[in-house]
Each structure stands twice: as structure tokens, then as C-alpha cells.
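Enquirer: Below is one structure. I have some questions about it.
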Number of protein chains: 2
Amino acid sequence: MRDVAIIGIGMNKWGELWNDSLRDMYVDAAVDAIKDSGVDHIDGMYVGSMTPGLFVGQEHLGSLLADYLGIRNLPCTRVESACASGGLAIKSAYLEIASGHSDIVIAGGVEKMTDCSGDQATYALATAADQEYEVFHGATFPGLYAMMARRHMHDYGTTREQLAHVAVKNHKNGAKNPKAQYPFEVTMEGVMTSVMVADPLRILDCSPITDGAACAVLADMETAKKFCKKPLVKITGFGHATDRIAMHTRDSITRLDATAVAGERAFKMAGRKPEDIQLAEVHDCFTIAEIMVIEDLGFFEKGKGGTAAESGETHIGGRIPINTSGGLKSKGHPVGATGVAQAYEMVTQLRGDAGDRQVQGAKVGLTHNMGGSGGSTVVHIMEVV
Amino acid sequence: MRDVAIIGIGMNKWGELWNDSLRDMYVDAAVDAIKDSGVDHIDGMYVGSMTPGLFVGQEHLGSLLADYLGIRNLPCTRVESACASGGLAIKSAYLEIASGHSDIVIAGGVEKMTDCSGDQATYALATAADQEYEVFHGATFPGLYAMMARRHMHDYGTTREQLAHVAVKNHKNGAKNPKAQYPFEVTMEGVMTSVMVADPLRILDCSPITDGAACAVLADMETAKKFCKKPLVKITGFGHATDRIAMHTRDSITRLDATAVAGERAFKMAGRKPEDIQLAEVHDCFTIAEIMVIEDLGFFEKGKGGTAAESGETHIGGRIPINTSGGLKSKGHPVGATGVAQAYEMVTQLRGDAGDRQVQGAKVGLTHNMGGSGGSTVVHIMEVV
């Protein structure tokens, strides 16, 4: 396989964007990524989007977005794995370039979530769970993750306060991110007294409903060196795995098996270990998710993830900064775009362009993008070369 | 890139299958394909499905179907390009194998369309068109293709009878296909007097609403030779292209630009010309579509596609048999599965296993899978080796 680098990135300012349609947001992000990369043509495109059919009544994004981007006859594939769709777009673009079929491919993600009601959005998101065994019986994602949180507290002594520390840390980072939907800090008291959603998860434990897009331009190393005048960020490994989709069929609901396996696959491919990773963007759709993910990726011993934000180890300046972008919590979570926006943050950090939230000396990072209650996961390891 | 062959195929009997869920149908087809291939493991899977979210309230098929197939942690990606989703699953599996990342990959397709009402199905299918410029204003697919038909009749003298000849031919073929949804013949008079849907298209000009799945197992040539005891069918070329999604923005509504470009790309990659192709499965979602597609792929001069079925040139035994399976018209059109089912028919023909509908001496075939009103197209050329 040929080596592949990310040579251009773009994303819009995320939020509740009533003046921007799905196609507007995507084209803005893609044009920014193309300009950033310096390339003079594009060979292919992958778009991650979870359920534009349910959110805005539009499928066939491959045709729509190639058309509105103005690139005639561009081969474009939409990929979907619920909230891990963006990560899959990057993996797919990687494989197309690695194969030698294409030299320059856009991996993008987009979701337009605020054009429908809250009820409709909750239903749309629930289609990532097992419809016949979970959704029909009333399960929604806050409820599913609340069960994981309760069990994690029971098994490992994780506290309600530790969940809040994750939200406080991520908002502290997001306050320094001009692209974030909620770029402000929150306090421990604010989180602990916010509206209850699904006990023990409160509204400030949950990622928001967001409109947003993000794009990355990938290329083989030879092409990358030809066009890109910025530090090259090579994808040195990826891992992709699925798990049983319905939570009640898993051996444990406090271990994210797809995360563990995708992590192992990525580390093996990159020749790296968890202790080599200097910073990571992980899928904190709920505060409990960040805690479980950093355990199952091997950054913290199982059951010890709860202490990480509390102790400062996952803060900027700590042992392994997690979610310097603000994470899904503060930056927002337009589900199909999230995986690509994680790459946006990682490239920004590895280039040394992250300003107030820069991790000093960042050379090796990891992105972790998860679908549903953990039914699918895509992990990438990125290194500046 | 490594060469890639199709070494196993499976599909269920298509129809209005009230006793089979989406997951049931898919697993049946996948298990049949795995058995047919003789492989002892699977490295990855791609599932083409257009809009399971709108049809049955279920996204995240990658996790769901890997889970129900019983292969732990299998990397699985859903791909979507409206009705061309199945073709994209095959292209995606091809690239993953060609890159060297995987040796054995399943490309599958599935759609469960009859669990919702006719109105809901029409809305779900319309999400393949441009929602803001076509669907909001009342356009549906029979209406869009009816406009193409009227213009084709005006420009080229194509007749109402010629449209009917396509339906009669495809039902004649489908009557010999035990997997077809409507395995019976229809008469010219039957088509010409069937219920009007969108003038000039009548109900027997339209492909039906169908539940169905199809799977193919792909492998690199070395692995293929190790496991497969049947004639190997190599994919010698593919082409993938998009067009402007909204019909009113195209230079011509009687030329399917994505079809023409995808065809050219596939012919170039395979080192073949239209006249080398002995048989083809093409996307006859409406009778007019088959006529335009066989022109734009270069099998017939532009404007002469209408005479092809009438003259017998596209019948079994004719110059280039088209849709020996019965096509979308008689076999059925579970939208995400159609592209993979075209490969199922082509492999069956190239292996010499097509029974009463066998094209004698078939060695080189083409499959053509189209999304929306032609906004995306995937073409594969397959040859027995």
C-alpha cells in the first residue's frame, strides 16, 4: 500500500445555522480544504453523513455535493456508520489512494440536524441503535449511555463529579476554539445542577445537536510533497471494527469492544503503543463515553478513566491531552462530520497551528470516532513528518 | 493495484416479503455467497443500502449486519449512492482488496421497501433527487423519467410501442429467473393498456417496490484460486461518475452523462470497447432508462436505443442481450441491492450457470447501476478467466 498524508483541512463555524443548508456548509468546508492543500485537481470524494434522509429529506449526497462543489463527473461515495461516518470517509479515502487508483481524494463529513424538531432528531439518532430490540421499546441514546454510566459507577466507583470534570475540561478547551458551537466554559456546579436528561446524565453531560461540515484532502506522499507547503501529516495507522449493535447482547456494557479492537489494529499498523500517543480526539458524545474510551484505547487502566479529567492528566499540559478541540461536548456534534473534524483538530495541532490550545511538541496523535452505543469504531493514528 | 475476482454469490428470492426482515434477508444472501466462495474467513464488508432510515427506521447497517452475520469485530461500511449503492459496494470492496489491505471482502446490498406505505416509499425514493429544487416542488421519479421519455420521443422519434418492447423482453427473461419478484411474461397489449403513472409511462414501464438482498464475495486472484472451485470471474474494469443531480441543470435530459463517463472509464481500465461486450445488465428502473443507457454506454447509436428491443437485438440470442435476469423491471428493484444483484446475474452467466436464460459462450459482460435520475453511475466489466 502507498503511504497517505492529509494535506488540507477545512471546516465551517459550527452551530445552529438557520441560514446555511447542508450543501452550503459542505461546499464551504471543501473549498477551504482544497485551498489549504494547494492541489490543482481532485480524483475522488467520500462523504460521511449519518442520516440526511431523516434530518432533511435528502439522500444521494455523492451526486449532490460533487455537483454543488462544481467538479464535473467526480466519483463520490457517501459512507455511513452512524456517528462514525466521518472517520469512515477518511479510511475510505485512504484506501483509494493506497491502492494507487487515485492520488488526491477529499474525505468530508456533514450533518444538518437543526431543521427538524427535537423529537424528530431524537428518532433520527436512535436509528443507530438496534431498531427491533432497542428503539421500538423506547431506548434513546441518552438512556443507553446512562445505563453504561450507572454500571461503570457500580463496577469501578466512578463518581458523578468525575463525569462533570470531563465536561468542564472539554468546555475549557472549546472556549479556545473559534469553530466551536459552544465556545464557553462551564463550572462544576453548572454541570451538576443542569437539567436531568437520563439519570445520571444531565444536559451538560451530553453533546449537542449541531449543523456542521468538515473536510480533509488526502494524497499519496509524492503528490503531497509536490503541492503542500505546510508540515505533512501522515496517517500511519487505522483500525476499524464493529461490535454487537444491541447493548444487551454484549458481554459487558462498560467495555467498548469495537474501540478496543480498532485501537489495537491501528496501533499494530502504525507500530505504536498507547504510551506513544501525545494527544487524542475521542468520541465524547456523553461524558461517560470519554471515560470508557480512554480506558479501552489503553491510555488508562480499566476503571481508572474517571480520575483522568479530575486529576488533570487529560488537560492541555497533562500527560495526554484529550479533546483539545472541545470535543463533541463543546465543539458540537453534527454526527456525520465529527470524525473528519477530529482530523481537522489533529492536523491543526500537529502543524503547530492550534494557538491558545496548542499541545507543545505534538508529533503523534490519535483520533477515535464511534457509532451508536459503540457498535462501530474507526481509529486513526497521525504523525507529522 | 492487485487484480480482483468475484468468487461467491448469493441472493434471496425477491418480492414483497412480509416474513423476512432486512437483517434476515441480508444474512441469508451473505451466507449463501460465503458458502459459494468456499472461503474460511472474511476480512471486511461493504453494504449498499439507499435509505433504510426512511424505509424501516434503521441506520448503522455496518454494525447491525456484521453482528447478525456473526462475524465478531468485522470492519463493515455502508455505502450509499441512491439506487447505485450496490454497485458502489462492489467498487469499494474492489479497492480495499486492490490496495492489499484485505484479501477477502463481502460486497452486499439490501433494501426492505414494503414495510411502509406507498406514499412513504415514494417520498423515500424521492430523496435521491434534488430535494430543494425538485422534490419540494412535487417531482417524483416516475415524473422525472416521464419527462426524459417525452423528450426522447420528440428528439429521436422513439415510440410508445418501443418502450413497451423493453418491458416485454425483460419480463420474458425474468420468467426464467427463479429469484425474480415477477417471474411472468407480459404482452404488448398488457403494457400498453396498464394503469397510467406519469404520461407516457404506465405501471408496466416502472420497476416495482421490492424487498431483497444480494451479496458477492471478492478476493485477490491468489486467494481466489486457492478457495474457489468454479470459473473465476475477474473484474477487469470499473467506472464511477456523478452528474448534476437536478435534471433542469443538465445540458440535455436525454443524455445520461454519468453513464457515458462511467462507461468510458470502465472501458479504458479494462482495455475494452463497447463492441467487446457480449451481454449487459443495465439499470432499467423505467423502460426509457434502458433505452437511454444502452445508447450512452455506446452499444447503440444515440437515438437508436428505442429500436433495440423491438428488433430483437437486445434479446437473448440477439447481438447484445440486455437484462437477461429480467432487469429491475421483472426481477424487482430493492434499490440498494440492485447493483449487487446485477453482479450475481453476470457471474451466473459467465460461469455458464444461467439455465434457460443462458447466453451461449458468454465471456465478457458489463453491469450498469445508476442512482436517481442519473446523478451517479457505477459500471463494472467482468470477464471469466
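Ordering of the C-alpha cells sets the chain letters (A, B, ...); residue numbers start at 1 within each chain; ligands are numbered from 1 in the order shown.
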Just want the 9 Å neighbourhood of region 346-362 of chain B, counted on only C-alpha atoms, with same-chain residues fewer than 3 positions away dropped. Output as an mmCIF file with N, CA and C atoms, in the first residue's frame.
Expert:
data_model
loop_
_atom_site.group_PDB
_atom_site.id
_atom_site.type_symbol
_atom_site.label_atom_id
_atom_site.label_comp_id
_atom_site.auth_asym_id
_atom_site.auth_seq_id
_atom_site.Cartn_x
_atom_site.Cartn_y
_atom_site.Cartn_z
ATOM 1 N N ILE B 6 -14.571 -12.037 -8.443
ATOM 2 C CA ILE B 6 -15.759 -12.407 -7.659
ATOM 3 C C ILE B 6 -15.785 -13.926 -7.566
ATOM 4 N N ILE B 7 -15.788 -14.450 -6.337
ATOM 5 C CA ILE B 7 -15.668 -15.900 -6.176
ATOM 6 C C ILE B 7 -16.871 -16.538 -5.477
ATOM 7 N N GLY B 8 -17.822 -15.726 -5.078
ATOM 8 C CA GLY B 8 -19.026 -16.299 -4.455
ATOM 9 C C GLY B 8 -20.181 -15.340 -4.599
ATOM 10 N N ILE B 9 -21.382 -15.879 -4.814
ATOM 11 C CA ILE B 9 -22.570 -15.029 -4.953
ATOM 12 C C ILE B 9 -23.746 -15.639 -4.198
ATOM 13 N N ASN B 173 -37.401 -12.577 -20.008
ATOM 14 C CA ASN B 173 -36.199 -13.088 -19.354
ATOM 15 C C ASN B 173 -36.467 -13.422 -17.891
ATOM 16 N N GLY B 174 -37.138 -12.529 -17.213
ATOM 17 C CA GLY B 174 -37.400 -12.716 -15.786
ATOM 18 C C GLY B 174 -38.248 -13.946 -15.500
ATOM 19 N N LYS B 176 -37.801 -16.657 -16.544
ATOM 20 C CA LYS B 176 -36.868 -17.795 -16.432
ATOM 21 C C LYS B 176 -35.927 -17.652 -15.246
ATOM 22 N N ASN B 177 -36.186 -16.660 -14.391
ATOM 23 C CA ASN B 177 -35.291 -16.403 -13.249
ATOM 24 C C ASN B 177 -36.017 -16.724 -11.944
ATOM 25 N N LYS B 230 -14.951 -22.874 -8.836
ATOM 26 C CA LYS B 230 -15.768 -22.552 -10.007
ATOM 27 C C LYS B 230 -14.987 -21.626 -10.939
ATOM 28 N N PRO B 231 -15.466 -21.404 -12.161
ATOM 29 C CA PRO B 231 -14.762 -20.462 -13.048
ATOM 30 C C PRO B 231 -14.615 -19.106 -12.357
ATOM 31 N N LEU B 232 -13.423 -18.518 -12.434
ATOM 32 C CA LEU B 232 -13.180 -17.235 -11.781
ATOM 33 C C LEU B 232 -13.659 -16.086 -12.663
ATOM 34 N N VAL B 233 -14.388 -15.184 -12.064
ATOM 35 C CA VAL B 233 -14.865 -14.012 -12.798
ATOM 36 C C VAL B 233 -14.093 -12.795 -12.301
ATOM 37 N N GLN B 278 -20.432 -8.845 -24.534
ATOM 38 C CA GLN B 278 -21.355 -9.843 -25.081
ATOM 39 C C GLN B 278 -22.748 -9.765 -24.466
ATOM 40 N N LEU B 279 -22.829 -9.281 -23.226
ATOM 41 C CA LEU B 279 -24.136 -9.125 -22.564
ATOM 42 C C LEU B 279 -23.996 -8.094 -21.457
ATOM 43 N N ALA B 280 -25.119 -7.482 -21.079
ATOM 44 C CA ALA B 280 -25.060 -6.454 -20.035
ATOM 45 C C ALA B 280 -26.321 -6.466 -19.196
ATOM 46 N N GLU B 281 -26.112 -6.184 -17.918
ATOM 47 C CA GLU B 281 -27.223 -5.879 -17.016
ATOM 48 C C GLU B 281 -27.211 -4.363 -16.839
ATOM 49 N N ILE B 316 -32.124 -12.370 -25.635
ATOM 50 C CA ILE B 316 -31.192 -13.499 -25.561
ATOM 51 C C ILE B 316 -31.153 -14.137 -26.953
ATOM 52 N N GLY B 317 -29.940 -14.317 -27.472
ATOM 53 C CA GLY B 317 -29.787 -14.764 -28.852
ATOM 54 C C GLY B 317 -29.555 -13.622 -29.813
ATOM 55 N N PRO B 321 -27.463 -9.277 -25.628
ATOM 56 C CA PRO B 321 -28.578 -9.461 -24.685
ATOM 57 C C PRO B 321 -28.465 -8.484 -23.510
ATOM 58 N N THR B 324 -30.664 -10.068 -18.951
ATOM 59 C CA THR B 324 -31.072 -11.478 -19.010
ATOM 60 C C THR B 324 -31.735 -11.924 -17.709
ATOM 61 N N SER B 325 -31.455 -11.221 -16.631
ATOM 62 C CA SER B 325 -32.040 -11.569 -15.327
ATOM 63 C C SER B 325 -33.509 -11.202 -15.235
ATOM 64 N N ALA B 341 -27.033 -7.450 -7.262
ATOM 65 C CA ALA B 341 -27.777 -8.488 -7.984
ATOM 66 C C ALA B 341 -27.409 -8.517 -9.464
ATOM 67 N N GLN B 342 -27.036 -7.369 -10.004
ATOM 68 C CA GLN B 342 -26.541 -7.361 -11.393
ATOM 69 C C GLN B 342 -25.264 -8.191 -11.488
ATOM 70 N N ALA B 343 -24.391 -8.060 -10.485
ATOM 71 C CA ALA B 343 -23.173 -8.880 -10.462
ATOM 72 C C ALA B 343 -23.522 -10.358 -10.281
ATOM 73 N N GLY B 365 -18.815 -9.473 -19.852
ATOM 74 C CA GLY B 365 -20.077 -8.782 -19.598
ATOM 75 C C GLY B 365 -19.886 -7.472 -18.876
ATOM 76 N N LEU B 366 -20.954 -6.701 -18.853
ATOM 77 C CA LEU B 366 -20.920 -5.375 -18.214
ATOM 78 C C LEU B 366 -22.150 -5.210 -17.322
ATOM 79 N N THR B 367 -21.941 -4.566 -16.165
ATOM 80 C CA THR B 367 -23.066 -4.207 -15.303
ATOM 81 C C THR B 367 -23.098 -2.693 -15.141
ATOM 82 N N MET B 382 -16.769 -7.399 -16.369
ATOM 83 C CA MET B 382 -16.394 -8.682 -15.760
ATOM 84 C C MET B 382 -16.079 -9.695 -16.847
ATOM 85 N N GLU B 383 -15.025 -10.486 -16.606
ATOM 86 C CA GLU B 383 -14.609 -11.444 -17.610
ATOM 87 C C GLU B 383 -14.241 -12.761 -16.940
ATOM 88 N N VAL B 384 -14.648 -13.842 -17.537
ATOM 89 C CA VAL B 384 -14.300 -15.146 -16.986
ATOM 90 C C VAL B 384 -12.861 -15.466 -17.386
#
Enquirer: Looking only at alpha helix (DSSP H) from DSSP on the backbone, list the matching residues of region 11-212 of chain A as an MDAnalysis selection string.
Expert: chainID A and resid 22:37 52:56 61:69 85:98 118:126 141:156 160:174 188:192
Enquirer: Expressed in Å to a single decimal, how great is the separation between CA of Lys226 (chain A) and CA of Lys268 (chain A)?
Expert: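 Going from CA of Lys226 (chain A) over to CA of Lys268 (chain A) covers 29.2 Å.
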Enquirer: Which one of B:Met196, B:Ile71, B:Ala175, B:Ala219 sits closest to chain A if you count only C-alpha atoms?
Expert: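 Checking each of B:Met196, B:Ile71, B:Ala175, B:Ala219 against chain A, counting only C-alpha atoms, the winner is B:Ile71.
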Enquirer: Would you mind listing, as number ranges by chain, all residues of chain B that have at least one atom within 6 Å of chain A, where only C-alpha atoms are what counts?
Expert: B: 1, 57-60, 63-64, 67, 73-75, 78-82, 98-99, 127-128, 131, 240-245, 375-376
Enquirer: The selected residues should be written to file as a PDB file, in the first residue's frame (atoms: N, CA and C atoms).
Expert:
ATOM      1  N   MET B   1      -2.110  -1.835  -8.472  1.00  0.00           N
ATOM      2  CA  MET B   1      -3.279  -2.444  -7.826  1.00  0.00           C
ATOM      3  C   MET B   1      -3.301  -3.949  -8.105  1.00  0.00           C
ATOM      4  N   GLY B  57     -36.534   2.681   9.542  1.00  0.00           N
ATOM      5  CA  GLY B  57     -36.076   3.292  10.790  1.00  0.00           C
ATOM      6  C   GLY B  57     -34.775   2.719  11.323  1.00  0.00           C
ATOM      7  N   GLN B  58     -33.927   2.226  10.437  1.00  0.00           N
ATOM      8  CA  GLN B  58     -32.663   1.610  10.874  1.00  0.00           C
ATOM      9  C   GLN B  58     -31.505   2.117  10.032  1.00  0.00           C
ATOM     10  N   GLU B  59     -30.563   2.823  10.659  1.00  0.00           N
ATOM     11  CA  GLU B  59     -29.284   3.116  10.003  1.00  0.00           C
ATOM     12  C   GLU B  59     -28.236   2.225  10.670  1.00  0.00           C
ATOM     13  N   HIS B  60     -26.959   2.556  10.493  1.00  0.00           N
ATOM     14  CA  HIS B  60     -25.869   1.814  11.163  1.00  0.00           C
ATOM     15  C   HIS B  60     -25.862   0.348  10.739  1.00  0.00           C
ATOM     16  N   SER B  63     -22.736  -2.073  11.545  1.00  0.00           N
ATOM     17  CA  SER B  63     -22.719  -2.763  12.837  1.00  0.00           C
ATOM     18  C   SER B  63     -23.797  -3.846  12.880  1.00  0.00           C
ATOM     19  N   LEU B  64     -25.000  -3.493  12.475  1.00  0.00           N
ATOM     20  CA  LEU B  64     -26.130  -4.439  12.543  1.00  0.00           C
ATOM     21  C   LEU B  64     -25.844  -5.726  11.776  1.00  0.00           C
ATOM     22  N   ASP B  67     -22.919  -7.909  12.945  1.00  0.00           N
ATOM     23  CA  ASP B  67     -23.389  -8.566  14.164  1.00  0.00           C
ATOM     24  C   ASP B  67     -24.268  -9.775  13.814  1.00  0.00           C
ATOM     25  N   ASN B  73     -16.369  -8.240  15.294  1.00  0.00           N
ATOM     26  CA  ASN B  73     -15.453  -7.124  15.026  1.00  0.00           C
ATOM     27  C   ASN B  73     -15.150  -6.889  13.544  1.00  0.00           C
ATOM     28  N   LEU B  74     -15.960  -7.486  12.664  1.00  0.00           N
ATOM     29  CA  LEU B  74     -15.740  -7.314  11.217  1.00  0.00           C
ATOM     30  C   LEU B  74     -15.846  -5.838  10.835  1.00  0.00           C
ATOM     31  N   PRO B  75     -14.823  -5.281  10.171  1.00  0.00           N
ATOM     32  CA  PRO B  75     -14.960  -3.912   9.662  1.00  0.00           C
ATOM     33  C   PRO B  75     -16.021  -3.900   8.566  1.00  0.00           C
ATOM     34  N   ARG B  78     -21.241   0.881   5.368  1.00  0.00           N
ATOM     35  CA  ARG B  78     -22.384   1.071   4.464  1.00  0.00           C
ATOM     36  C   ARG B  78     -22.044   2.172   3.469  1.00  0.00           C
ATOM     37  N   VAL B  79     -22.317   1.916   2.204  1.00  0.00           N
ATOM     38  CA  VAL B  79     -22.133   2.940   1.178  1.00  0.00           C
ATOM     39  C   VAL B  79     -23.482   3.256   0.552  1.00  0.00           C
ATOM     40  N   GLU B  80     -23.629   4.493   0.107  1.00  0.00           N
ATOM     41  CA  GLU B  80     -24.914   4.930  -0.453  1.00  0.00           C
ATOM     42  C   GLU B  80     -24.699   5.859  -1.631  1.00  0.00           C
ATOM     43  N   SER B  81     -25.348   5.569  -2.705  1.00  0.00           N
ATOM     44  CA  SER B  81     -25.439   6.500  -3.821  1.00  0.00           C
ATOM     45  C   SER B  81     -26.800   6.258  -4.467  1.00  0.00           C
ATOM     46  N   ALA B  82     -27.837   6.393  -3.643  1.00  0.00           N
ATOM     47  CA  ALA B  82     -29.220   6.128  -4.060  1.00  0.00           C
ATOM     48  C   ALA B  82     -29.291   4.724  -4.670  1.00  0.00           C
ATOM     49  N   ALA B  98      -7.686  -4.427  -3.783  1.00  0.00           N
ATOM     50  CA  ALA B  98      -6.628  -3.970  -4.705  1.00  0.00           C
ATOM     51  C   ALA B  98      -5.497  -3.290  -3.943  1.00  0.00           C
ATOM     52  N   SER B  99      -5.840  -2.600  -2.845  1.00  0.00           N
ATOM     53  CA  SER B  99      -4.822  -1.883  -2.067  1.00  0.00           C
ATOM     54  C   SER B  99      -3.880  -2.824  -1.338  1.00  0.00           C
ATOM     55  N   THR B 127     -35.861  11.148  -2.202  1.00  0.00           N
ATOM     56  CA  THR B 127     -34.679  11.759  -1.587  1.00  0.00           C
ATOM     57  C   THR B 127     -33.417  11.562  -2.429  1.00  0.00           C
ATOM     58  N   ALA B 128     -33.523  10.787  -3.510  1.00  0.00           N
ATOM     59  CA  ALA B 128     -32.398  10.651  -4.447  1.00  0.00           C
ATOM     60  C   ALA B 128     -32.347  11.811  -5.427  1.00  0.00           C
ATOM     61  N   GLN B 131     -33.609  17.697  -3.390  1.00  0.00           N
ATOM     62  CA  GLN B 131     -34.744  17.964  -2.513  1.00  0.00           C
ATOM     63  C   GLN B 131     -35.215  19.412  -2.625  1.00  0.00           C
ATOM     64  N   HIS B 240     -16.855   5.045 -12.303  1.00  0.00           N
ATOM     65  CA  HIS B 240     -17.795   5.658 -11.360  1.00  0.00           C
ATOM     66  C   HIS B 240     -17.799   7.143 -11.684  1.00  0.00           C
ATOM     67  N   ALA B 241     -18.976   7.696 -11.843  1.00  0.00           N
ATOM     68  CA  ALA B 241     -19.070   9.131 -12.155  1.00  0.00           C
ATOM     69  C   ALA B 241     -20.362   9.692 -11.596  1.00  0.00           C
ATOM     70  N   THR B 242     -20.342  10.998 -11.343  1.00  0.00           N
ATOM     71  CA  THR B 242     -21.560  11.714 -10.953  1.00  0.00           C
ATOM     72  C   THR B 242     -21.940  12.686 -12.071  1.00  0.00           C
ATOM     73  N   ASP B 243     -23.169  13.160 -12.004  1.00  0.00           N
ATOM     74  CA  ASP B 243     -23.664  14.202 -12.913  1.00  0.00           C
ATOM     75  C   ASP B 243     -24.348  15.248 -12.049  1.00  0.00           C
ATOM     76  N   ARG B 244     -24.732  16.353 -12.627  1.00  0.00           N
ATOM     77  CA  ARG B 244     -25.570  17.318 -11.924  1.00  0.00           C
ATOM     78  C   ARG B 244     -26.809  16.583 -11.435  1.00  0.00           C
ATOM     79  N   ILE B 245     -27.146  16.798 -10.176  1.00  0.00           N
ATOM     80  CA  ILE B 245     -28.235  15.996  -9.604  1.00  0.00           C
ATOM     81  C   ILE B 245     -29.604  16.417 -10.136  1.00  0.00           C
ATOM     82  N   GLY B 375     -27.902  10.865 -11.591  1.00  0.00           N
ATOM     83  CA  GLY B 375     -26.923  11.697 -10.901  1.00  0.00           C
ATOM     84  C   GLY B 375     -25.658  10.961 -10.505  1.00  0.00           C
ATOM     85  N   SER B 376     -25.715   9.631 -10.467  1.00  0.00           N
ATOM     86  CA  SER B 376     -24.497   8.854 -10.223  1.00  0.00           C
ATOM     87  C   SER B 376     -24.606   7.518 -10.943  1.00  0.00           C
TER      88      SER B 376
END
Enquirer: Between CA of Leu328 (chain A) and CA of Val105 (chain A), what distance in Å does the model show, to one decimal?
Expert: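 These two atoms are separated by 25.4 Å.
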Enquirer: Name the closest residue to Ile235 (chain A) among the candidates A:Asp32, A:Ala214, A:Val335, A:Met221; distances are taken between atoms, counting only C-alpha atoms.
Expert: A:Met221
Enquirer: Give me, as CSV, each residue of region 33-151 of chain B that comes within 12 Å of region 290-303 of chain B, together with its shortest interatomic pair and the distance in Å at one decimal, counting only C-alpha atoms, with rows ordered by chain and rising residue number.
Expert:
residue,atom,partner,partner_atom,distance
B:Tyr145,CA,B:Met292,CA,10.7
B:Met148,CA,B:Met292,CA,9.1
B:Ala149,CA,B:Met292,CA,9.1
B:Arg151,CA,B:Gly303,CA,11.1
Enquirer: One decimal, in Å: what's the spacing between CA of Ser102 (chain B) and CA of Ala33 (chain B)?
Expert: 17.6 Å
Enquirer: Would you list the contacts of Lys112 (chain B) as a list in words, taking every protein, DNA or RNA residue within 9 Å and counting only C-alpha atoms, but skipping same-chain residues closer than 5 positions in sequence?
Expert: Glu16, Leu17, Asp20, Ser21, Leu22, Met25, Pro52, Phe55, Val56, Thr210, Asp211, Gly212, Ala213, Pro334 and Val335 of chain B
Enquirer: Could you please take those selected residues and save N, CA and C atoms as a compact mmCIF listing (two decimals), in the first residue's frame?
Expert:
# COMPACT_ATOMS: atom_id res chain seq x y z
N GLU B 16 -42.37 -9.22 -2.13
CA GLU B 16 -42.96 -8.48 -1.01
C GLU B 16 -42.94 -9.46 0.15
N LEU B 17 -41.89 -9.38 0.95
CA LEU B 17 -41.55 -10.47 1.89
C LEU B 17 -41.90 -10.07 3.32
N ASP B 20 -39.81 -11.69 6.23
CA ASP B 20 -38.36 -11.52 6.34
C ASP B 20 -38.00 -10.08 6.64
N SER B 21 -37.19 -9.86 7.67
CA SER B 21 -36.72 -8.51 7.98
C SER B 21 -35.50 -8.19 7.12
N LEU B 22 -35.08 -6.94 7.17
CA LEU B 22 -33.88 -6.52 6.45
C LEU B 22 -32.69 -7.40 6.84
N MET B 25 -32.94 -11.11 5.45
CA MET B 25 -32.65 -11.23 4.01
C MET B 25 -31.16 -11.11 3.75
N PRO B 52 -32.35 2.95 4.49
CA PRO B 52 -33.02 2.11 5.49
C PRO B 52 -33.60 2.95 6.62
N PHE B 55 -37.00 3.83 5.18
CA PHE B 55 -37.85 2.65 4.90
C PHE B 55 -38.22 1.89 6.18
N VAL B 56 -37.24 1.67 7.06
CA VAL B 56 -37.53 0.84 8.24
C VAL B 56 -36.98 1.42 9.55
N THR B 210 -39.66 -3.44 -3.88
CA THR B 210 -39.21 -4.81 -3.65
C THR B 210 -38.44 -4.94 -2.34
N ASP B 211 -38.58 -6.07 -1.69
CA ASP B 211 -37.69 -6.44 -0.58
C ASP B 211 -36.65 -7.42 -1.14
N GLY B 212 -35.38 -7.17 -0.85
CA GLY B 212 -34.40 -8.12 -1.36
C GLY B 212 -32.98 -7.79 -0.94
N ALA B 213 -32.12 -8.80 -1.06
CA ALA B 213 -30.70 -8.64 -0.76
C ALA B 213 -29.89 -9.47 -1.74
N PRO B 334 -35.06 -3.73 -5.22
CA PRO B 334 -34.78 -3.30 -3.85
C PRO B 334 -33.55 -2.40 -3.96
N VAL B 335 -33.73 -1.10 -3.93
CA VAL B 335 -32.79 -0.17 -4.55
C VAL B 335 -31.32 -0.40 -4.20
